[in-house]
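As structure tokens, the structure follows; a few thoughts come after it.
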Amino acid sequence: MSETASFVDPVFLARFGLTRINAIDYFLHPLNPFRTKAKTSNEVLSMQGINIGTLMAWGTSTRPGPLPLEEGEDEYNVALSRLTGEQYELLQLSKADMESCTPQQLAALFTIRHVHRTSVNQTKVLGIYYILEGVVYKSPTVRGLMKAHVSRTLEGLSEACDALSSCARYDPSSGYAWKFEPDAVGEDDEDEDDTAFYDVKERRKRKRRRILDNRRPGERTAEEEEGIRASEAIDRILSRLSNSDVVVKGKQR
């Protein structure tokens with residue numbers, strides 16, 4: 001199923017509305033494609049006449065009714081914990097969220113967790129869903145979130161590379177350089193700016209080389225001195241050969 005799929009039942013919403021009391025019943029709608037095909041513990045309790053609404057109205061043997069909403073949800077979760085199998089839990093909001101949200105906001109968003117319970121304290125989360133203004137959505141997976149973030153990052157990097165490609169300049173003597181200043185109006189001014197820019201680039205390049213070599217200007221290494229001596233020796237040999245009798249007589253012939 002697509003991650004962008006959704007479900008809504010306008011008839012249910014128009015007839016009963018949507019609150020925390022009937023959010024689970026709305027999610028267990030037979031036409032909801034997100035609900036499991038297996039029989040859930042919520043349906044078992046519903047056949048026994050147990051739901052959040054009835055618990056608020058009549059209470060339990062230890063808590064006689066009527067009960068407030070929070071206590072009704074607690075008793076419903078206790079009843080679910082006594083059963084095993086697949087269940088849907090209506091996640092409760094923290095006190096900080098309840099205080100910071102308006103009643104309209106609290107009535108617009110519900111979070112439902114699909115779990116497989118094996119004991120009272122052992123559950124395995126199978127999925128997270130949320131109902132936003134009557135529309136049921138599946139919560140995105142970590143893989144989907146990472147894929148979306150990477151896609152947006154690559155798109156931004158691609159746009160940045162396209163913008164920087166127009167600022168790249170190449171000179172045979174100094175190589176590639178960047179020019180971020182706007183182009184001048186006249187061609188002469190543009191040429192002068194380019195020349196000054198490349199001169200600064202070349203000076204910086206030579207300065208970096210001096211820093212990397214850690215040598216004073218004019219100082220040579222032993223390998224460079226040996227290469228210079230070998231080049232001078234070869235020049236002397238070629239000079240003697242060019243003035244020898246064999247070469248001179250061969251030219252006269």
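Residues in the structure tokens are named by chain (A, B, ... in the order shown) and by number from 1 within that chain; ligands are numbered from 1 in the order shown.
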Report as CSV the residues of range 118-179 of chain A within 10 Å of range 5-9 of chain A, each with its shortest atom pair and distance in Å (one decimal), using only C-alpha atoms, ordered by chain and increasing residue number.
residue,atom,partner,partner_atom,distance
A:Ile131,CA,A:Phe7,CA,9.2
A:Leu132,CA,A:Val8,CA,10.0
A:Glu133,CA,A:Val8,CA,9.4
A:Gly134,CA,A:Val8,CA,6.2
A:Val135,CA,A:Val8,CA,4.8
A:Val136,CA,A:Phe7,CA,5.0
A:Tyr137,CA,A:Ser6,CA,5.0
A:Lys138,CA,A:Ser6,CA,7.5
Any chance you could list, as a tab-separated table (two decimals) with N, CA, C and O atoms, in the first residue's frame, the residues in range 21-204 of chain A that come up alpha helix (DSSP H) when DSSP is run on the backbone?
chain	number	residue	atom	x	y	z
A	23	ALA	N	-12.73	6.95	18.69
A	23	ALA	CA	-11.65	6.94	17.69
A	23	ALA	C	-11.26	5.52	17.29
A	23	ALA	O	-11.01	5.23	16.12
A	24	ILE	N	-11.21	4.60	18.28
A	24	ILE	CA	-10.88	3.21	17.97
A	24	ILE	C	-11.96	2.58	17.09
A	24	ILE	O	-11.66	1.85	16.13
A	25	ASP	N	-13.23	2.84	17.41
A	25	ASP	CA	-14.32	2.30	16.59
A	25	ASP	C	-14.25	2.83	15.16
A	25	ASP	O	-14.53	2.10	14.20
A	26	TYR	N	-13.87	4.09	15.02
A	26	TYR	CA	-13.75	4.66	13.68
A	26	TYR	C	-12.61	4.00	12.91
A	26	TYR	O	-12.73	3.70	11.72
A	27	PHE	N	-11.50	3.72	13.59
A	27	PHE	CA	-10.38	3.09	12.91
A	27	PHE	C	-10.72	1.65	12.51
A	27	PHE	O	-10.24	1.16	11.49
A	41	SER	N	-8.22	-7.80	19.68
A	41	SER	CA	-8.74	-7.80	21.05
A	41	SER	C	-9.78	-6.70	21.24
A	41	SER	O	-10.69	-6.83	22.09
A	42	ASN	N	-9.67	-5.63	20.46
A	42	ASN	CA	-10.66	-4.56	20.56
A	42	ASN	C	-12.04	-5.05	20.16
A	42	ASN	O	-13.05	-4.68	20.79
A	43	GLU	N	-12.09	-5.89	19.13
A	43	GLU	CA	-13.38	-6.43	18.69
A	43	GLU	C	-13.93	-7.42	19.71
A	43	GLU	O	-15.16	-7.51	19.88
A	44	VAL	N	-13.05	-8.16	20.37
A	44	VAL	CA	-13.49	-9.08	21.42
A	44	VAL	C	-14.15	-8.30	22.56
A	44	VAL	O	-15.23	-8.66	23.06
A	45	LEU	N	-13.52	-7.21	22.98
A	45	LEU	CA	-14.11	-6.38	24.03
A	45	LEU	C	-15.40	-5.72	23.56
A	45	LEU	O	-16.35	-5.57	24.35
A	46	SER	N	-15.43	-5.32	22.28
A	46	SER	CA	-16.65	-4.68	21.77
A	46	SER	C	-17.83	-5.64	21.80
A	46	SER	O	-18.96	-5.23	22.10
A	47	MET	N	-17.58	-6.94	21.50
A	47	MET	CA	-18.67	-7.92	21.56
A	47	MET	C	-19.14	-8.13	22.99
A	47	MET	O	-20.29	-8.54	23.22
A	52	ILE	N	-14.56	2.48	25.64
A	52	ILE	CA	-14.27	3.63	26.49
A	52	ILE	C	-15.56	4.31	26.94
A	52	ILE	O	-15.68	4.75	28.09
A	53	GLY	N	-16.53	4.40	26.05
A	53	GLY	CA	-17.79	5.07	26.39
A	53	GLY	C	-18.56	4.36	27.50
A	53	GLY	O	-19.06	5.00	28.45
A	54	THR	N	-18.69	3.03	27.40
A	54	THR	CA	-19.42	2.28	28.44
A	54	THR	C	-18.68	2.29	29.77
A	54	THR	O	-19.30	2.35	30.83
A	55	LEU	N	-17.34	2.25	29.71
A	55	LEU	CA	-16.56	2.30	30.95
A	55	LEU	C	-16.71	3.66	31.63
A	55	LEU	O	-16.77	3.73	32.87
A	56	MET	N	-16.80	4.73	30.85
A	56	MET	CA	-17.02	6.04	31.44
A	56	MET	C	-18.41	6.14	32.06
A	56	MET	O	-18.60	6.80	33.10
A	57	ALA	N	-19.38	5.50	31.42
A	57	ALA	CA	-20.77	5.61	31.92
A	57	ALA	C	-21.02	4.71	33.12
A	57	ALA	O	-21.66	5.14	34.10
A	58	TRP	N	-20.53	3.44	33.07
A	58	TRP	CA	-20.87	2.48	34.11
A	58	TRP	C	-19.71	2.17	35.05
A	58	TRP	O	-19.95	1.67	36.15
A	69	LEU	N	-12.77	10.97	31.38
A	69	LEU	CA	-12.20	10.38	30.16
A	69	LEU	C	-10.88	9.68	30.44
A	69	LEU	O	-10.65	8.56	29.95
A	70	GLU	N	-10.00	10.28	31.20
A	70	GLU	CA	-8.69	9.68	31.45
A	70	GLU	C	-8.82	8.34	32.18
A	70	GLU	O	-8.15	7.36	31.82
A	71	GLU	N	-9.68	8.28	33.17
A	71	GLU	CA	-9.88	7.03	33.89
A	71	GLU	C	-10.55	5.97	33.01
A	71	GLU	O	-10.25	4.78	33.11
A	72	GLY	N	-11.46	6.40	32.16
A	72	GLY	CA	-12.08	5.46	31.23
A	72	GLY	C	-11.06	4.85	30.27
A	72	GLY	O	-11.10	3.65	29.97
A	73	GLU	N	-10.13	5.68	29.77
A	73	GLU	CA	-9.08	5.16	28.90
A	73	GLU	C	-8.15	4.22	29.65
A	73	GLU	O	-7.71	3.19	29.10
A	74	ASP	N	-7.86	4.54	30.91
A	74	ASP	CA	-7.00	3.65	31.70
A	74	ASP	C	-7.65	2.28	31.89
A	74	ASP	O	-6.99	1.24	31.76
A	75	GLU	N	-8.93	2.25	32.21
A	75	GLU	CA	-9.62	0.98	32.40
A	75	GLU	C	-9.70	0.19	31.09
A	75	GLU	O	-9.59	-1.04	31.10
A	76	TYR	N	-9.85	0.88	29.99
A	76	TYR	CA	-9.89	0.20	28.70
A	76	TYR	C	-8.53	-0.43	28.38
A	76	TYR	O	-8.46	-1.56	27.89
A	77	ASN	N	-7.45	0.28	28.67
A	77	ASN	CA	-6.12	-0.27	28.44
A	77	ASN	C	-5.85	-1.46	29.36
A	77	ASN	O	-5.17	-2.42	28.96
A	78	VAL	N	-6.36	-1.42	30.59
A	78	VAL	CA	-6.21	-2.55	31.50
A	78	VAL	C	-6.94	-3.77	30.95
A	78	VAL	O	-6.45	-4.91	31.01
A	79	ALA	N	-8.13	-3.56	30.39
A	79	ALA	CA	-8.88	-4.67	29.81
A	79	ALA	C	-8.15	-5.25	28.60
A	79	ALA	O	-8.14	-6.47	28.40
A	80	LEU	N	-7.52	-4.40	27.80
A	80	LEU	CA	-6.75	-4.89	26.67
A	80	LEU	C	-5.54	-5.68	27.12
A	80	LEU	O	-5.16	-6.68	26.49
A	81	SER	N	-4.89	-5.27	28.21
A	81	SER	CA	-3.68	-5.96	28.68
A	81	SER	C	-3.98	-7.37	29.16
A	81	SER	O	-3.06	-8.20	29.24
A	95	LYS	N	0.54	15.59	29.74
A	95	LYS	CA	-0.10	16.75	30.35
A	95	LYS	C	0.38	18.05	29.72
A	95	LYS	O	-0.40	19.01	29.57
A	96	ALA	N	1.65	18.08	29.33
A	96	ALA	CA	2.17	19.29	28.69
A	96	ALA	C	1.49	19.53	27.35
A	96	ALA	O	1.15	20.67	27.01
A	97	ASP	N	1.26	18.45	26.57
A	97	ASP	CA	0.58	18.61	25.28
A	97	ASP	C	-0.87	19.03	25.48
A	97	ASP	O	-1.40	19.86	24.73
A	98	MET	N	-1.52	18.46	26.50
A	98	MET	CA	-2.92	18.81	26.74
A	98	MET	C	-3.06	20.26	27.19
A	98	MET	O	-4.05	20.93	26.85
A	99	GLU	N	-2.10	20.76	27.94
A	99	GLU	CA	-2.17	22.14	28.38
A	99	GLU	C	-1.83	23.13	27.28
A	99	GLU	O	-2.35	24.25	27.27
A	100	SER	N	-0.96	22.72	26.33
A	100	SER	CA	-0.53	23.64	25.28
A	100	SER	C	-1.46	23.65	24.08
A	100	SER	O	-1.37	24.55	23.25
A	103	PRO	N	-8.87	22.91	22.71
A	103	PRO	CA	-9.81	21.79	22.55
A	103	PRO	C	-10.02	21.41	21.08
A	103	PRO	O	-10.21	20.22	20.77
A	104	GLN	N	-9.98	22.39	20.19
A	104	GLN	CA	-10.13	22.08	18.76
A	104	GLN	C	-8.95	21.26	18.26
A	104	GLN	O	-9.12	20.31	17.47
A	105	GLN	N	-7.74	21.59	18.72
A	105	GLN	CA	-6.57	20.84	18.30
A	105	GLN	C	-6.57	19.43	18.89
A	105	GLN	O	-6.18	18.46	18.22
A	106	LEU	N	-7.00	19.31	20.13
A	106	LEU	CA	-7.07	17.99	20.75
A	106	LEU	C	-8.07	17.08	20.04
A	106	LEU	O	-7.88	15.86	19.98
A	142	VAL	N	10.86	4.96	9.28
A	142	VAL	CA	12.16	5.63	9.38
A	142	VAL	C	12.85	5.64	8.02
A	142	VAL	O	13.48	6.63	7.63
A	143	ARG	N	12.71	4.55	7.26
A	143	ARG	CA	13.30	4.50	5.93
A	143	ARG	C	12.68	5.55	5.01
A	143	ARG	O	13.39	6.22	4.24
A	144	GLY	N	11.35	5.71	5.10
A	144	GLY	CA	10.70	6.72	4.27
A	144	GLY	C	11.13	8.13	4.63
A	144	GLY	O	11.33	8.97	3.76
A	145	LEU	N	11.27	8.39	5.95
A	145	LEU	CA	11.72	9.72	6.37
A	145	LEU	C	13.14	10.00	5.90
A	145	LEU	O	13.45	11.09	5.40
A	146	MET	N	14.05	9.01	6.07
A	146	MET	CA	15.43	9.20	5.63
A	146	MET	C	15.49	9.38	4.12
A	146	MET	O	16.27	10.21	3.61
A	147	LYS	N	14.67	8.63	3.38
A	147	LYS	CA	14.66	8.77	1.93
A	147	LYS	C	14.21	10.17	1.51
A	147	LYS	O	14.79	10.78	0.60
A	148	ALA	N	13.19	10.69	2.19
A	148	ALA	CA	12.71	12.03	1.86
A	148	ALA	C	13.75	13.09	2.20
A	148	ALA	O	13.98	14.03	1.44
A	149	HIS	N	14.41	12.95	3.38
A	149	HIS	CA	15.43	13.92	3.77
A	149	HIS	C	16.62	13.90	2.81
A	149	HIS	O	17.14	14.95	2.42
A	150	VAL	N	17.07	12.68	2.44
A	150	VAL	CA	18.20	12.58	1.51
A	150	VAL	C	17.83	13.16	0.15
A	150	VAL	O	18.64	13.83	-0.50
A	151	SER	N	16.61	12.90	-0.29
A	151	SER	CA	16.18	13.43	-1.58
A	151	SER	C	16.17	14.95	-1.58
A	151	SER	O	16.64	15.59	-2.53
A	152	ARG	N	15.67	15.56	-0.48
A	152	ARG	CA	15.67	17.02	-0.41
A	152	ARG	C	17.09	17.57	-0.31
A	152	ARG	O	17.40	18.62	-0.89
A	153	THR	N	17.96	16.85	0.40
A	153	THR	CA	19.35	17.30	0.51
A	153	THR	C	20.06	17.25	-0.84
A	153	THR	O	20.77	18.19	-1.22
A	154	LEU	N	19.86	16.16	-1.59
A	154	LEU	CA	20.48	16.05	-2.90
A	154	LEU	C	19.95	17.10	-3.86
A	154	LEU	O	20.70	17.63	-4.69
A	155	GLU	N	18.68	17.41	-3.75
A	155	GLU	CA	18.12	18.46	-4.60
A	155	GLU	C	18.75	19.81	-4.29
A	155	GLU	O	19.09	20.58	-5.20
A	156	GLY	N	18.95	20.10	-3.01
A	156	GLY	CA	19.61	21.36	-2.64
A	156	GLY	C	21.05	21.40	-3.09
A	156	GLY	O	21.53	22.44	-3.58
A	157	LEU	N	21.78	20.27	-2.96
A	157	LEU	CA	23.17	20.23	-3.42
A	157	LEU	C	23.26	20.40	-4.93
A	157	LEU	O	24.17	21.05	-5.44
A	158	SER	N	22.31	19.80	-5.66
A	158	SER	CA	22.31	19.95	-7.11
A	158	SER	C	22.09	21.41	-7.52
A	158	SER	O	22.77	21.92	-8.41
A	159	GLU	N	21.17	22.08	-6.85
A	159	GLU	CA	20.94	23.49	-7.15
A	159	GLU	C	22.17	24.34	-6.79
A	159	GLU	O	22.51	25.28	-7.52
A	160	ALA	N	22.84	24.00	-5.69
A	160	ALA	CA	24.04	24.75	-5.31
A	160	ALA	C	25.16	24.54	-6.33
A	160	ALA	O	25.87	25.49	-6.69
A	161	CYS	N	25.31	23.31	-6.82
A	161	CYS	CA	26.35	23.05	-7.83
A	161	CYS	C	26.04	23.79	-9.13
A	161	CYS	O	26.96	24.31	-9.79
A	162	ASP	N	24.78	23.84	-9.51
A	162	ASP	CA	24.41	24.59	-10.72
A	162	ASP	C	24.72	26.08	-10.56
A	162	ASP	O	25.18	26.74	-11.50
A	163	ALA	N	24.48	26.60	-9.35
A	163	ALA	CA	24.76	28.02	-9.13
A	163	ALA	C	26.26	28.29	-9.10
A	163	ALA	O	26.73	29.32	-9.61
A	164	LEU	N	27.04	27.37	-8.54
A	164	LEU	CA	28.49	27.57	-8.46
A	164	LEU	C	29.18	27.35	-9.79
A	164	LEU	O	30.28	27.88	-10.03
A	165	SER	N	28.58	26.55	-10.68
A	165	SER	CA	29.24	26.27	-11.96
A	165	SER	C	29.43	27.53	-12.80
A	165	SER	O	30.39	27.63	-13.56
A	187	GLU	N	33.68	45.37	-21.20
A	187	GLU	CA	34.57	44.25	-21.38
A	187	GLU	C	35.95	44.54	-20.84
A	187	GLU	O	36.62	43.66	-20.29
A	188	ASP	N	36.45	45.81	-21.01
A	188	ASP	CA	37.77	46.16	-20.51
A	188	ASP	C	37.84	46.02	-18.99
A	188	ASP	O	38.80	45.50	-18.43
A	189	ASP	N	36.78	46.51	-18.33
A	189	ASP	CA	36.75	46.39	-16.88
A	189	ASP	C	36.72	44.93	-16.45
A	189	ASP	O	37.35	44.54	-15.46
A	190	GLU	N	36.00	44.11	-17.23
A	190	GLU	CA	35.92	42.69	-16.88
A	190	GLU	C	37.27	42.02	-17.05
A	190	GLU	O	37.70	41.22	-16.22
A	191	ASP	N	38.00	42.37	-18.13
A	191	ASP	CA	39.32	41.80	-18.34
A	191	ASP	C	40.28	42.22	-17.23
A	191	ASP	O	41.09	41.42	-16.75
A	192	GLU	N	40.22	43.51	-16.84
A	192	GLU	CA	41.09	43.98	-15.77
A	192	GLU	C	40.78	43.28	-14.45
A	192	GLU	O	41.69	42.91	-13.70
A	193	ASP	N	39.49	43.08	-14.20
A	193	ASP	CA	39.12	42.39	-12.96
A	193	ASP	C	39.62	40.95	-12.97
A	193	ASP	O	40.12	40.44	-11.96
A	194	ASP	N	39.47	40.28	-14.12
A	194	ASP	CA	39.95	38.90	-14.23
A	194	ASP	C	41.45	38.83	-14.04
A	194	ASP	O	41.97	37.94	-13.35
A	195	THR	N	42.20	39.79	-14.67
A	195	THR	CA	43.65	39.78	-14.55
A	195	THR	C	44.08	39.99	-13.10
A	195	THR	O	44.96	39.29	-12.57
A	196	ALA	N	43.47	40.97	-12.44
A	196	ALA	CA	43.81	41.21	-11.03
A	196	ALA	C	43.45	40.01	-10.16
A	196	ALA	O	44.20	39.65	-9.24
A	197	PHE	N	42.32	39.39	-10.48
A	197	PHE	CA	41.90	38.23	-9.69
A	197	PHE	C	42.88	37.08	-9.84
A	197	PHE	O	43.28	36.45	-8.85
A	198	TYR	N	43.33	36.81	-11.07
A	198	TYR	CA	44.26	35.72	-11.29
A	198	TYR	C	45.64	36.04	-10.72
A	198	TYR	O	46.35	35.14	-10.26
A	199	ASP	N	46.06	37.32	-10.73
A	199	ASP	CA	47.33	37.69	-10.12
A	199	ASP	C	47.32	37.39	-8.62
A	199	ASP	O	48.29	36.86	-8.07
A	200	VAL	N	46.24	37.77	-7.98
A	200	VAL	CA	46.11	37.49	-6.55
A	200	VAL	C	46.11	35.99	-6.30
A	200	VAL	O	46.74	35.49	-5.35
A	201	LYS	N	45.41	35.26	-7.18
A	201	LYS	CA	45.36	33.80	-7.04
A	201	LYS	C	46.75	33.19	-7.19
A	201	LYS	O	47.14	32.29	-6.43
A	202	GLU	N	47.55	33.69	-8.16
A	202	GLU	CA	48.89	33.16	-8.39
A	202	GLU	C	49.81	33.50	-7.21
A	202	GLU	O	50.62	32.65	-6.78
A	203	ARG	N	49.71	34.71	-6.66
A	203	ARG	CA	50.54	35.06	-5.52
A	203	ARG	C	50.21	34.19	-4.31
A	203	ARG	O	51.11	33.75	-3.58
A	204	ARG	N	48.93	33.95	-4.11
A	204	ARG	CA	48.55	33.08	-3.00
A	204	ARG	C	49.07	31.67	-3.23
A	204	ARG	O	49.50	30.98	-2.28
Nearest residue to Leu93 in chain A from the set A:Arg20, A:Pro140, A:Gly227, A:Ala222 (distances using only C-alpha atoms): A:Arg20
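Shell of Leu28 in chain A at 10 Å, with only C-alpha atoms counted and residues fewer than 6 places along the chain excluded, is A:Asn22, A:Phe34, A:Arg35, A:Thr36, A:Thr40, A:Asn42, A:Glu43, A:Tyr88.
Note that the spacing between CA of Glu89 in chain A and CA of Val120 in chain A amounts to 13.8 Å.
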Pick from A:Ala107, A:Ala38, A:Ala14, A:Leu83 nearest to Ser119 in chain A, counting only C-alpha atoms: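 Checking each of A:Ala107, A:Ala38, A:Ala14, A:Leu83 against Ser119 in chain A, counting only C-alpha atoms, the winner is A:Leu83.
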